[in-house]
>>> print(open('input07.txt').read())   # compact mmCIF, C-alpha atoms
# COMPACT_ATOMS: atom_id res chain seq x y z
CA MET A 1 0.00 0.00 0.00
CA ASN A 2 2.85 2.40 0.77
CA LEU A 3 4.16 1.96 -2.79
CA HIS A 4 0.71 2.73 -4.25
CA ILE A 5 0.49 5.94 -2.21
CA PHE A 6 4.06 6.97 -3.02
CA LEU A 7 3.54 6.52 -6.78
CA ALA A 8 0.20 8.34 -6.64
CA VAL A 9 1.76 11.32 -4.86
CA ALA A 10 4.77 11.31 -7.19
CA THR A 11 2.47 11.22 -10.22
CA PHE A 12 0.39 14.08 -8.83
CA ILE A 13 3.60 16.14 -8.55
CA THR A 14 4.87 15.29 -12.04
CA LEU A 15 1.42 16.01 -13.51
CA THR A 16 1.08 19.32 -11.71
CA PHE A 17 4.56 20.61 -12.57
CA GLN A 18 5.21 18.44 -15.69
CA GLU A 19 8.55 19.22 -17.37
CA ALA A 20 9.42 21.65 -14.55
CA THR A 21 9.44 18.81 -11.99
CA LEU A 22 13.19 18.17 -12.25
CA PHE A 23 13.92 21.88 -11.74
CA LEU A 24 11.68 22.51 -8.72
CA PRO A 25 14.64 23.28 -6.36
CA PHE A 26 15.56 26.16 -8.69
CA LEU A 27 11.98 27.45 -9.07
CA VAL A 28 11.14 28.15 -5.43
CA GLY A 29 9.82 31.61 -6.24
CA ARG A 30 7.38 30.23 -8.83
CA LEU A 31 6.16 27.09 -7.04
CA GLU A 32 2.81 28.55 -6.02
CA GLU A 33 2.14 29.91 -9.52
CA LEU A 34 3.10 26.60 -11.15
CA PHE A 35 1.04 24.62 -8.64
CA TRP A 36 -2.22 26.50 -9.16
CA SER A 37 -1.84 26.67 -12.94
CA GLY A 38 -1.15 22.93 -13.17
CA LEU A 39 -3.79 21.80 -10.68
CA PRO A 40 -6.80 21.56 -13.07
CA TYR A 41 -4.75 19.35 -15.39
CA SER A 42 -3.33 17.06 -12.71
CA ILE A 43 -6.60 16.54 -10.83
CA SER A 44 -8.58 15.90 -14.03
CA LEU A 45 -6.09 13.47 -15.52
CA MET A 46 -5.47 11.59 -12.27
CA PHE A 47 -9.23 11.14 -11.92
CA ILE A 48 -9.46 9.80 -15.50
CA LEU A 49 -6.55 7.41 -14.94
CA PHE A 50 -7.90 6.30 -11.55
CA CYS A 51 -11.34 5.56 -13.02
CA HIS A 52 -9.73 3.71 -15.92
CA GLU A 53 -7.97 1.36 -13.50
CA MET A 54 -11.08 1.02 -11.33
CA GLY A 55 -12.85 -0.05 -14.51
CA HIS A 56 -10.51 -3.06 -14.42
CA TYR A 57 -10.25 -3.51 -10.65
CA ILE A 58 -13.96 -3.52 -9.79
CA PRO A 59 -14.99 -6.16 -12.40
CA ALA A 60 -12.02 -8.25 -11.26
CA GLN A 61 -13.28 -8.10 -7.66
CA ILE A 62 -16.85 -8.88 -8.75
CA HIS A 63 -15.65 -11.95 -10.66
CA GLY A 64 -13.38 -13.09 -7.83
CA VAL A 65 -10.14 -12.54 -9.78
CA ARG A 66 -7.33 -11.35 -7.53
CA SER A 67 -5.66 -8.10 -8.60
CA THR A 68 -3.66 -5.22 -7.16
CA LEU A 69 -4.76 -1.64 -6.63
CA PRO A 70 -3.58 0.84 -9.29
CA TYR A 71 0.09 1.72 -9.68
CA PHE A 72 0.44 5.25 -11.08
CA ILE A 73 3.53 5.82 -13.21
CA PRO A 74 5.13 9.28 -12.81
CA MET A 75 7.24 10.84 -15.55
CA PRO A 76 9.27 13.83 -14.28
CA PHE A 77 10.00 15.24 -17.74
CA GLY A 78 8.07 16.05 -20.88
CA PRO A 79 4.77 17.87 -21.35
CA VAL A 80 2.48 15.04 -20.15
CA GLY A 81 3.90 14.11 -16.72
CA THR A 82 2.87 10.46 -16.57
CA MET A 83 2.99 7.17 -18.41
CA GLY A 84 -0.46 6.23 -17.14
CA ALA A 85 -1.37 3.68 -14.49
CA VAL A 86 -1.65 -0.10 -14.29
CA ILE A 87 -3.10 -2.82 -12.13
CA LYS A 88 -1.66 -6.32 -11.99
CA ILE A 89 -3.89 -9.37 -12.34
CA LEU A 90 -2.52 -11.93 -9.87
CA GLU A 91 -4.04 -15.10 -11.34
CA PRO A 92 -5.18 -16.43 -14.73
CA ILE A 93 -8.57 -15.12 -15.85
CA PRO A 94 -10.74 -18.27 -16.03
CA ASP A 95 -13.13 -17.54 -18.91
CA LYS A 96 -13.88 -15.19 -21.77
CA LYS A 97 -16.77 -13.32 -20.19
CA LYS A 98 -14.67 -12.42 -17.16
CA LEU A 99 -11.79 -11.51 -19.50
CA PHE A 100 -14.08 -9.23 -21.50
CA ASP A 101 -15.59 -7.50 -18.46
CA ILE A 102 -12.19 -6.84 -16.88
CA GLY A 103 -10.66 -5.73 -20.18
CA VAL A 104 -13.41 -3.41 -21.44
CA GLY A 105 -14.13 -1.60 -18.16
CA GLY A 106 -10.93 0.48 -18.16
CA PRO A 107 -11.08 2.03 -21.65
CA LEU A 108 -14.85 2.46 -21.34
CA MET A 109 -14.42 4.57 -18.20
CA SER A 110 -11.56 6.69 -19.56
CA LEU A 111 -13.40 7.23 -22.87
CA VAL A 112 -16.61 8.32 -21.14
CA LEU A 113 -14.69 10.76 -18.90
CA SER A 114 -12.14 12.07 -21.43
CA ILE A 115 -14.69 13.11 -24.05
CA PRO A 116 -16.59 15.67 -21.89
CA CYS A 117 -13.30 16.79 -20.34
CA TRP A 118 -11.92 17.54 -23.80
CA ILE A 119 -15.12 19.19 -25.10
CA TYR A 120 -15.58 21.48 -22.09
CA GLY A 121 -11.87 22.24 -22.07
CA VAL A 122 -11.94 23.21 -25.75
CA TYR A 123 -14.97 25.42 -25.02
CA LEU A 124 -12.85 27.21 -22.38
CA SER A 125 -9.84 27.46 -24.73
CA GLU A 126 -8.94 30.55 -26.71
CA VAL A 127 -8.00 31.05 -30.35
CA ILE A 128 -4.86 33.21 -30.39
CA GLU A 129 -2.58 34.79 -32.95
CA VAL A 130 0.66 32.85 -33.31
CA PRO A 131 3.62 35.27 -33.03
CA SER A 132 5.83 35.28 -36.11
CA ASP A 133 8.89 34.66 -33.95
CA THR A 134 7.50 31.45 -32.39
CA PRO A 135 10.42 28.98 -32.14
CA GLU A 136 10.08 25.99 -34.46
CA ASN A 137 11.17 23.55 -31.74
CA ILE A 138 8.01 24.19 -29.68
CA LEU A 139 5.98 21.02 -29.08
CA VAL A 140 2.57 20.69 -30.73
CA PHE A 141 -0.18 18.24 -29.76
CA GLY A 142 -1.56 16.27 -32.69
CA ASP A 143 -5.20 15.75 -33.62
CA SER A 144 -7.44 12.74 -33.90
CA LEU A 145 -10.58 12.81 -36.03
CA PHE A 146 -12.60 13.43 -32.87
CA THR A 147 -10.47 16.28 -31.52
CA TYR A 148 -10.30 17.94 -34.95
CA TRP A 149 -14.05 17.76 -35.61
CA SER A 150 -15.03 18.82 -32.08
CA THR A 151 -12.64 21.79 -32.19
CA TYR A 152 -14.07 22.84 -35.56
CA PHE A 153 -17.63 22.50 -34.24
CA ILE A 154 -16.88 24.73 -31.21
CA HIS A 155 -14.50 27.32 -32.70
CA GLY A 156 -15.01 27.01 -36.45
CA GLU A 157 -12.14 27.13 -38.90
CA ILE A 158 -8.95 28.30 -37.21
CA GLY A 159 -7.27 30.38 -39.88
CA PHE A 160 -3.63 30.60 -40.90
CA GLY A 161 -1.43 32.26 -38.29
CA LYS A 162 -3.76 31.29 -35.46
CA ASP A 163 -3.83 28.42 -32.99
CA LEU A 164 -5.87 27.12 -30.10
CA MET A 165 -4.40 27.80 -26.67
CA ILE A 166 -5.89 24.75 -25.01
CA HIS A 167 -7.21 24.88 -21.46
CA PRO A 168 -5.71 22.45 -18.90
CA LEU A 169 -9.01 20.50 -18.91
CA ALA A 170 -8.71 20.02 -22.66
CA LYS A 171 -5.13 18.84 -22.25
CA ALA A 172 -6.25 16.29 -19.63
CA GLY A 173 -8.98 15.09 -21.97
CA TRP A 174 -6.48 14.83 -24.85
CA VAL A 175 -4.07 12.72 -22.79
CA GLY A 176 -6.97 10.60 -21.52
CA LEU A 177 -8.08 9.91 -25.10
CA LEU A 178 -4.52 9.08 -26.15
CA VAL A 179 -4.13 6.65 -23.23
CA THR A 180 -7.48 5.07 -24.15
CA ALA A 181 -6.49 4.71 -27.82
CA ILE A 182 -3.16 3.06 -26.98
CA ASN A 183 -4.85 0.69 -24.53
CA LEU A 184 -7.38 -0.25 -27.21
CA LEU A 185 -4.68 -1.47 -29.61
CA PRO A 186 -5.77 -5.10 -30.19
CA PHE A 187 -2.57 -6.84 -29.14
CA GLY A 188 -1.45 -9.10 -26.31
CA GLN A 189 -2.19 -7.93 -22.79
CA LEU A 190 -3.44 -4.48 -23.79
CA ASP A 191 -7.13 -3.84 -23.11
CA GLY A 192 -7.87 -4.07 -26.82
CA GLY A 193 -6.10 -7.43 -26.88
CA HIS A 194 -8.41 -8.71 -24.13
CA ILE A 195 -11.48 -7.41 -25.97
CA ILE A 196 -10.63 -8.70 -29.44
CA TYR A 197 -9.58 -12.12 -28.10
CA ALA A 198 -12.82 -12.40 -26.11
CA LEU A 199 -14.78 -11.54 -29.27
CA ASN A 200 -12.92 -13.89 -31.62
CA GLY A 201 -11.40 -16.65 -29.49
CA GLU A 202 -8.58 -18.72 -30.94
CA ASN A 203 -9.41 -17.56 -34.50
CA TYR A 204 -7.67 -14.36 -33.44
CA ARG A 205 -4.30 -16.06 -33.92
CA ASN A 206 -4.92 -16.65 -37.64
CA TRP A 207 -4.73 -12.98 -38.55
CA ILE A 208 -3.39 -10.93 -35.64
CA TYR A 209 0.15 -10.76 -37.04
CA TYR A 210 -1.22 -9.31 -40.29
CA LEU A 211 -2.94 -6.61 -38.24
CA PHE A 212 0.31 -6.01 -36.35
CA LEU A 213 2.13 -5.58 -39.68
CA VAL A 214 -0.42 -2.92 -40.67
CA PHE A 215 0.18 -1.21 -37.32
CA LEU A 216 3.95 -1.07 -38.00
CA PHE A 217 3.29 1.04 -41.09
CA LEU A 218 2.28 3.84 -38.71
CA GLY A 219 6.03 4.23 -38.20
CA PHE A 220 6.07 5.98 -41.58
CA ILE A 221 3.84 8.65 -40.03
CA HIS A 222 5.57 9.04 -36.67
CA PHE A 223 8.60 7.30 -35.18
CA SER A 224 6.91 6.79 -31.80
CA TRP A 225 4.84 3.97 -33.31
CA VAL A 226 8.04 2.11 -34.20
CA ILE A 227 8.95 2.24 -30.49
CA TRP A 228 5.48 1.00 -29.60
CA GLY A 229 5.91 -1.79 -32.16
CA PHE A 230 9.05 -2.97 -30.35
CA LEU A 231 7.33 -2.74 -26.96
CA ILE A 232 4.36 -4.74 -28.17
CA TYR A 233 6.44 -7.40 -29.92
CA TYR A 234 8.98 -7.97 -27.14
CA LEU A 235 7.14 -7.01 -23.92
CA ILE A 236 3.38 -6.78 -24.33
CA LYS A 237 3.33 -9.50 -27.02
CA VAL A 238 1.27 -9.63 -30.19
CA GLU A 239 -0.81 -12.68 -29.24
CA HIS A 240 -3.09 -13.02 -26.24
CA PRO A 241 -2.58 -15.90 -23.78
CA PHE A 242 -4.96 -18.83 -24.16
CA VAL A 243 -8.25 -18.66 -22.26
CA PRO A 244 -9.93 -22.04 -21.58
CA ASP A 245 -13.43 -21.41 -22.98
CA ALA A 246 -12.30 -19.54 -26.09
CA LYS A 247 -15.23 -20.94 -28.15
CA GLU A 248 -17.96 -19.63 -25.84
CA THR A 249 -20.01 -16.71 -27.20
CA LEU A 250 -20.27 -13.47 -25.24
CA GLY A 251 -23.86 -12.54 -25.99
CA ILE A 252 -25.23 -9.66 -28.03
CA GLY A 253 -24.70 -6.92 -25.41
CA ARG A 254 -21.02 -7.64 -24.82
CA THR A 255 -20.43 -8.15 -28.55
CA ILE A 256 -21.90 -4.76 -29.48
CA LEU A 257 -19.99 -3.01 -26.68
CA GLY A 258 -16.73 -4.74 -27.61
CA TRP A 259 -16.85 -3.89 -31.31
CA SER A 260 -17.99 -0.34 -30.51
CA MET A 261 -14.94 0.16 -28.27
CA LEU A 262 -12.59 -1.23 -30.92
CA ILE A 263 -14.15 0.93 -33.66
CA SER A 264 -13.84 4.03 -31.45
CA ILE A 265 -10.06 3.85 -31.86
CA LEU A 266 -10.52 5.04 -35.47
CA PHE A 267 -11.87 8.34 -34.13
CA ILE A 268 -9.64 8.93 -31.09
CA PHE A 269 -6.31 7.61 -32.40
CA VAL A 270 -3.69 10.37 -32.87
CA PRO A 271 -1.33 9.52 -35.78
CA ILE A 272 1.20 12.16 -34.69
CA PRO A 273 0.82 12.53 -30.90
CA LEU A 274 3.59 15.08 -30.24
CA ALA A 275 5.89 16.83 -32.66
CA THR A 276 7.75 20.09 -33.01
CA LEU A 277 6.28 22.88 -35.07
CA ARG A 278 9.03 22.26 -37.63
CA GLU A 279 8.09 18.58 -37.92
CA MET A 280 4.41 19.41 -38.29
CA ASN A 281 5.18 21.83 -41.13
CA SER A 282 7.68 19.57 -42.92
CA SER A 283 6.82 16.75 -45.30
CA LYS A 284 6.39 13.31 -43.76
CA LEU A 285 8.08 10.13 -44.93
CA TYR A 286 4.78 8.56 -45.96
CA GLU A 287 3.99 11.66 -48.04
CA ASP A 288 7.41 11.46 -49.74
CA ILE A 289 6.86 7.76 -50.53
CA PHE A 290 3.39 8.51 -51.92
CA HIS A 291 4.68 11.32 -54.16
CA PHE A 292 7.59 9.15 -55.32
CA PHE A 293 5.39 6.28 -56.49
CA PHE A 294 2.72 8.66 -57.80
CA GLY A 295 5.41 10.36 -59.90
CA ILE A 296 6.53 6.99 -61.29
CA ILE A 297 2.95 6.11 -62.26
CA VAL A 298 2.29 9.49 -63.88
CA ASN A 299 5.60 9.52 -65.78
CA GLY A 300 5.04 5.93 -66.89
CA MET A 301 1.72 6.87 -68.41
>>> encode(input="input07.txt", output="structure tokens")
Amino acid sequence: MNLHIFLAVATFITLTFQEATLFLPFLVGRLEELFWSGLPYSISLMFILFCHEMGHYIPAQIHGVRSTLPYFIPMPFGPVGTMGAVIKILEPIPDKKKLFDIGVGGPLMSLVLSIPCWIYGVYLSEVIEVPSDTPENILVFGDSLFTYWSTYFIHGEIGFGKDLMIHPLAKAGWVGLLVTAINLLPFGQLDGGHIIYALNGENYRNWIYYLFLVFLFLGFIHFSWVIWGFLIYYLIKVEHPFVPDAKETLGIGRTILGWSMLISILFIFVPIPLATLREMNSSKLYEDIFHFFFGIIVNGM
């Protein structure tokens, strides 16, 4: 229990102060300012992460599957301040229905909480003029289909030379959606892996590596997905462990919920999560490849 509390407190600090966490001894005069400005973000995101893990923990307790309380993961550098939170299942999950309930509860909770957090935060955000001398190494948060459409619906077209100064609530919602999207990737011990295995059973093994190969092509869009590819292949694993009653059906309600959660990733997935302004404005490798082959086709004709 002491470790759970320590990690929760450490994560609260790294969320509140984010990239300034490592320099707190040198920022004594600004601690109060940094604390109050970062508080809406840290409280909102910790609540989203906590509810995500409770979405796993509570079904596990209901089904009599032993598990730990959440471990928050602090990250004392970077603009996010955390690598999420995890619980550890302490025994094999005995059947597919229990696997589904434990797997789907987490992303369902974080999705339900992150969406209103993002929408209200965007409503509170301001469209500002971007100064001409803005450094090109400044970090920019990428868009998913959902964040792009919702921003357009609330603020309309944001013209050239302008940008959205997002409110801390919107930032918490954005991180919550990113965490949900990554957890919904349909591989191994990720939540999406639990869901898709529960829906498909052992047939899942016939095609999951083809889906993983498609996922690796995201590395042409942003290098971070290459790193995630290595993590999935070597640590998280591509295939899900065997569950004894893999041929048992889940029922219509669970099936609809499961496929709905997996489909939602198409709308909340962020192809380029974080990049510098220079990278956002420069051509991407996948664009260069497309233009190269398009040029060959056109010239050949």
>>> residues_around(input="input07.txt", residues="Ser37 (chain A)", least_positions_apart="4", cutoff="9 Å", atoms="all atoms listed in the file", output="count of residues only")
6
>>> closest_residue(input="input07.txt", among="A:Phe141, A:Tyr197, A:Tyr209, A:Tyr57", to="Trp259 (chain A)", atoms="all atoms listed in the file")
A:Tyr197
>>> residues_around(input="input07.txt", residues="region 6-8 of chain A", least_positions_apart="4", cutoff="12 Å", atoms="only C-alpha atoms", output="VMD selection string")
chain A and resid 1 to 2 12 to 15 42 to 43 46 to 47 49 to 50 69 to 76 82 to 86
>>> write_last_selection(input="input07.txt", atoms="C-alpha atoms", output="PDB file, keeping the file's coordinate frame")
ATOM      1  CA  MET A   1       0.000   0.000   0.000  1.00  0.00           C
ATOM      2  CA  ASN A   2       2.850   2.400   0.770  1.00  0.00           C
ATOM      3  CA  PHE A  12       0.390  14.080  -8.830  1.00  0.00           C
ATOM      4  CA  ILE A  13       3.600  16.140  -8.550  1.00  0.00           C
ATOM      5  CA  THR A  14       4.870  15.290 -12.040  1.00  0.00           C
ATOM      6  CA  LEU A  15       1.420  16.010 -13.510  1.00  0.00           C
ATOM      7  CA  SER A  42      -3.330  17.060 -12.710  1.00  0.00           C
ATOM      8  CA  ILE A  43      -6.600  16.540 -10.830  1.00  0.00           C
ATOM      9  CA  MET A  46      -5.470  11.590 -12.270  1.00  0.00           C
ATOM     10  CA  PHE A  47      -9.230  11.140 -11.920  1.00  0.00           C
ATOM     11  CA  LEU A  49      -6.550   7.410 -14.940  1.00  0.00           C
ATOM     12  CA  PHE A  50      -7.900   6.300 -11.550  1.00  0.00           C
ATOM     13  CA  LEU A  69      -4.760  -1.640  -6.630  1.00  0.00           C
ATOM     14  CA  PRO A  70      -3.580   0.840  -9.290  1.00  0.00           C
ATOM     15  CA  TYR A  71       0.090   1.720  -9.680  1.00  0.00           C
ATOM     16  CA  PHE A  72       0.440   5.250 -11.080  1.00  0.00           C
ATOM     17  CA  ILE A  73       3.530   5.820 -13.210  1.00  0.00           C
ATOM     18  CA  PRO A  74       5.130   9.280 -12.810  1.00  0.00           C
ATOM     19  CA  MET A  75       7.240  10.840 -15.550  1.00  0.00           C
ATOM     20  CA  PRO A  76       9.270  13.830 -14.280  1.00  0.00           C
ATOM     21  CA  THR A  82       2.870  10.460 -16.570  1.00  0.00           C
ATOM     22  CA  MET A  83       2.990   7.170 -18.410  1.00  0.00           C
ATOM     23  CA  GLY A  84      -0.460   6.230 -17.140  1.00  0.00           C
ATOM     24  CA  ALA A  85      -1.370   3.680 -14.490  1.00  0.00           C
ATOM     25  CA  VAL A  86      -1.650  -0.100 -14.290  1.00  0.00           C
TER      26      VAL A  86
END
>>> atom_distance(input="input07.txt", atom1="CA of Leu231 (chain A)", atom2="CA of Gly188 (chain A)")
10.9 Å
>>> atom_distance(input="input07.txt", atom1="CA of Leu177 (chain A)", atom2="CA of Pro116 (chain A)")
10.8 Å
>>> residues_around(input="input07.txt", residues="Ser144 (chain A)", least_positions_apart="5", cutoff="12 Å", atoms="only C-alpha atoms", output="PDB file with C-alpha atoms, in the frame of the given file")
ATOM      1  CA  TRP A 149     -14.050  17.760 -35.610  1.00  0.00           C
ATOM      2  CA  SER A 150     -15.030  18.820 -32.080  1.00  0.00           C
ATOM      3  CA  THR A 151     -12.640  21.790 -32.190  1.00  0.00           C
ATOM      4  CA  TRP A 174      -6.480  14.830 -24.850  1.00  0.00           C
ATOM      5  CA  VAL A 175      -4.070  12.720 -22.790  1.00  0.00           C
ATOM      6  CA  LEU A 177      -8.080   9.910 -25.100  1.00  0.00           C
ATOM      7  CA  LEU A 178      -4.520   9.080 -26.150  1.00  0.00           C
ATOM      8  CA  ALA A 181      -6.490   4.710 -27.820  1.00  0.00           C
ATOM      9  CA  SER A 264     -13.840   4.030 -31.450  1.00  0.00           C
ATOM     10  CA  ILE A 265     -10.060   3.850 -31.860  1.00  0.00           C
ATOM     11  CA  LEU A 266     -10.520   5.040 -35.470  1.00  0.00           C
ATOM     12  CA  PHE A 267     -11.870   8.340 -34.130  1.00  0.00           C
ATOM     13  CA  ILE A 268      -9.640   8.930 -31.090  1.00  0.00           C
ATOM     14  CA  PHE A 269      -6.310   7.610 -32.400  1.00  0.00           C
ATOM     15  CA  VAL A 270      -3.690  10.370 -32.870  1.00  0.00           C
ATOM     16  CA  PRO A 271      -1.330   9.520 -35.780  1.00  0.00           C
ATOM     17  CA  ILE A 272       1.200  12.160 -34.690  1.00  0.00           C
ATOM     18  CA  PRO A 273       0.820  12.530 -30.900  1.00  0.00           C
ATOM     19  CA  LEU A 274       3.590  15.080 -30.240  1.00  0.00           C
TER      20      LEU A 274
END
>>> closest_residue(input="input07.txt", among="A:Gly64, A:Gly55, A:Pro131, A:Pro92", to="Gly105 (chain A)", atoms="all atoms listed in the file")
A:Gly55
>>> atom_distance(input="input07.txt", atom1="CA of Phe77 (chain A)", atom2="CA of Leu139 (chain A)")
13.3 Å
>>> closest_residue(input="input07.txt", among="A:Leu199, A:Leu262, A:Ala275, A:Cys117", to="Asp245 (chain A)", atoms="all atoms listed in the file")
A:Leu199
>>> closest_residue(input="input07.txt", among="A:Tyr148, A:Trp228, A:Phe160, A:Phe153", to="Asn183 (chain A)", atoms="all atoms listed in the file")
A:Trp228
>>> residues_around(input="input07.txt", residues="Leu211 (chain A)", least_positions_apart="6", cutoff="10 Å", atoms="all atoms listed in the file", output="ChimeraX atom specification")
/A:186-187,238
>>> residues_around(input="input07.txt", residues="Ile195 (chain A)", least_positions_apart="4", cutoff="10 Å", atoms="all atoms listed in the file", output="list in words")
Lys96, Lys97, Leu99, Phe100, Asp101, Ile102, Gly103, Val104, Leu184, Leu185, Pro186, Phe187, Gln189, Leu190, Asp191, Leu199, Asn200, Gly201, Arg254, Thr255, Leu257, Gly258, Trp259, Met261 and Leu262 of chain A
>>> axis_aligned_box(input="input07.txt", around="region 3-20 of chain A", padding_each_side="5 Å", output="AutoDock Vina command-line options")
--center_x 4.8 --center_y 11.8 --center_z -9.8 --size_x 19.2 --size_y 29.7 --size_z 25.2
>>> closest_residue(input="input07.txt", among="A:Ala60, A:Met54, A:Ile93, A:Met165", to="His240 (chain A)", atoms="all atoms listed in the file")
A:Ile93
>>> closest_residue(input="input07.txt", among="A:Gln18, A:Gly229, A:Gly78, A:Leu3", to="Ile138 (chain A)", atoms="only C-alpha atoms")
A:Gly78
>>> decode(input="input07.txt", residues="region 106-126 of chain A", atoms="N, CA and C atoms", output="JSON list (two decimals), in the first residue's frame")
[["chain", "number", "residue", "atom", "x", "y", "z"],
["A", 106, "GLY", "N", -11.89, -0.63, -18.24],
["A", 106, "GLY", "CA", -10.93, 0.48, -18.16],
["A", 106, "GLY", "C", -11.08, 1.49, -19.28],
["A", 107, "PRO", "N", -10.95, 1.06, -20.56],
["A", 107, "PRO", "CA", -11.08, 2.03, -21.65],
["A", 107, "PRO", "C", -12.48, 2.64, -21.74],
["A", 108, "LEU", "N", -13.50, 1.90, -21.33],
["A", 108, "LEU", "CA", -14.85, 2.46, -21.34],
["A", 108, "LEU", "C", -14.93, 3.64, -20.38],
["A", 109, "MET", "N", -14.38, 3.49, -19.18],
["A", 109, "MET", "CA", -14.42, 4.57, -18.20],
["A", 109, "MET", "C", -13.61, 5.77, -18.67],
["A", 110, "SER", "N", -12.39, 5.56, -19.15],
["A", 110, "SER", "CA", -11.56, 6.69, -19.56],
["A", 110, "SER", "C", -12.12, 7.37, -20.80],
["A", 111, "LEU", "N", -12.77, 6.61, -21.69],
["A", 111, "LEU", "CA", -13.40, 7.23, -22.87],
["A", 111, "LEU", "C", -14.57, 8.11, -22.47],
["A", 112, "VAL", "N", -15.42, 7.58, -21.58],
["A", 112, "VAL", "CA", -16.61, 8.32, -21.14],
["A", 112, "VAL", "C", -16.21, 9.60, -20.40],
["A", 113, "LEU", "N", -15.12, 9.58, -19.66],
["A", 113, "LEU", "CA", -14.69, 10.76, -18.90],
["A", 113, "LEU", "C", -13.86, 11.73, -19.75],
["A", 114, "SER", "N", -13.04, 11.21, -20.65],
["A", 114, "SER", "CA", -12.14, 12.07, -21.43],
["A", 114, "SER", "C", -12.89, 12.91, -22.45],
["A", 115, "ILE", "N", -13.96, 12.37, -23.02],
["A", 115, "ILE", "CA", -14.69, 13.11, -24.05],
["A", 115, "ILE", "C", -15.28, 14.41, -23.50],
["A", 116, "PRO", "N", -16.08, 14.39, -22.42],
["A", 116, "PRO", "CA", -16.59, 15.67, -21.89],
["A", 116, "PRO", "C", -15.49, 16.58, -21.37],
["A", 117, "CYS", "N", -14.42, 15.98, -20.83],
["A", 117, "CYS", "CA", -13.30, 16.79, -20.34],
["A", 117, "CYS", "C", -12.67, 17.56, -21.50],
["A", 118, "TRP", "N", -12.48, 16.88, -22.62],
["A", 118, "TRP", "CA", -11.92, 17.54, -23.80],
["A", 118, "TRP", "C", -12.88, 18.61, -24.35],
["A", 119, "ILE", "N", -14.15, 18.27, -24.49],
["A", 119, "ILE", "CA", -15.12, 19.19, -25.10],
["A", 119, "ILE", "C", -15.26, 20.45, -24.26],
["A", 120, "TYR", "N", -15.44, 20.29, -22.95],
["A", 120, "TYR", "CA", -15.58, 21.48, -22.09],
["A", 120, "TYR", "C", -14.28, 22.27, -22.05],
["A", 121, "GLY", "N", -13.15, 21.55, -22.05],
["A", 121, "GLY", "CA", -11.87, 22.24, -22.07],
["A", 121, "GLY", "C", -11.65, 23.03, -23.34],
["A", 122, "VAL", "N", -12.06, 22.48, -24.48],
["A", 122, "VAL", "CA", -11.94, 23.21, -25.75],
["A", 122, "VAL", "C", -12.86, 24.43, -25.74],
["A", 123, "TYR", "N", -14.05, 24.28, -25.15],
["A", 123, "TYR", "CA", -14.97, 25.42, -25.02],
["A", 123, "TYR", "C", -14.32, 26.55, -24.22],
["A", 124, "LEU", "N", -13.52, 26.21, -23.20],
["A", 124, "LEU", "CA", -12.85, 27.21, -22.38],
["A", 124, "LEU", "C", -11.55, 27.74, -23.02],
["A", 125, "SER", "N", -11.10, 27.08, -24.08],
["A", 125, "SER", "CA", -9.84, 27.46, -24.73],
["A", 125, "SER", "C", -10.02, 28.68, -25.63],
["A", 126, "GLU", "N", -8.90, 29.33, -25.91],
["A", 126, "GLU", "CA", -8.94, 30.55, -26.71],
["A", 126, "GLU", "C", -8.17, 30.38, -28.02]]
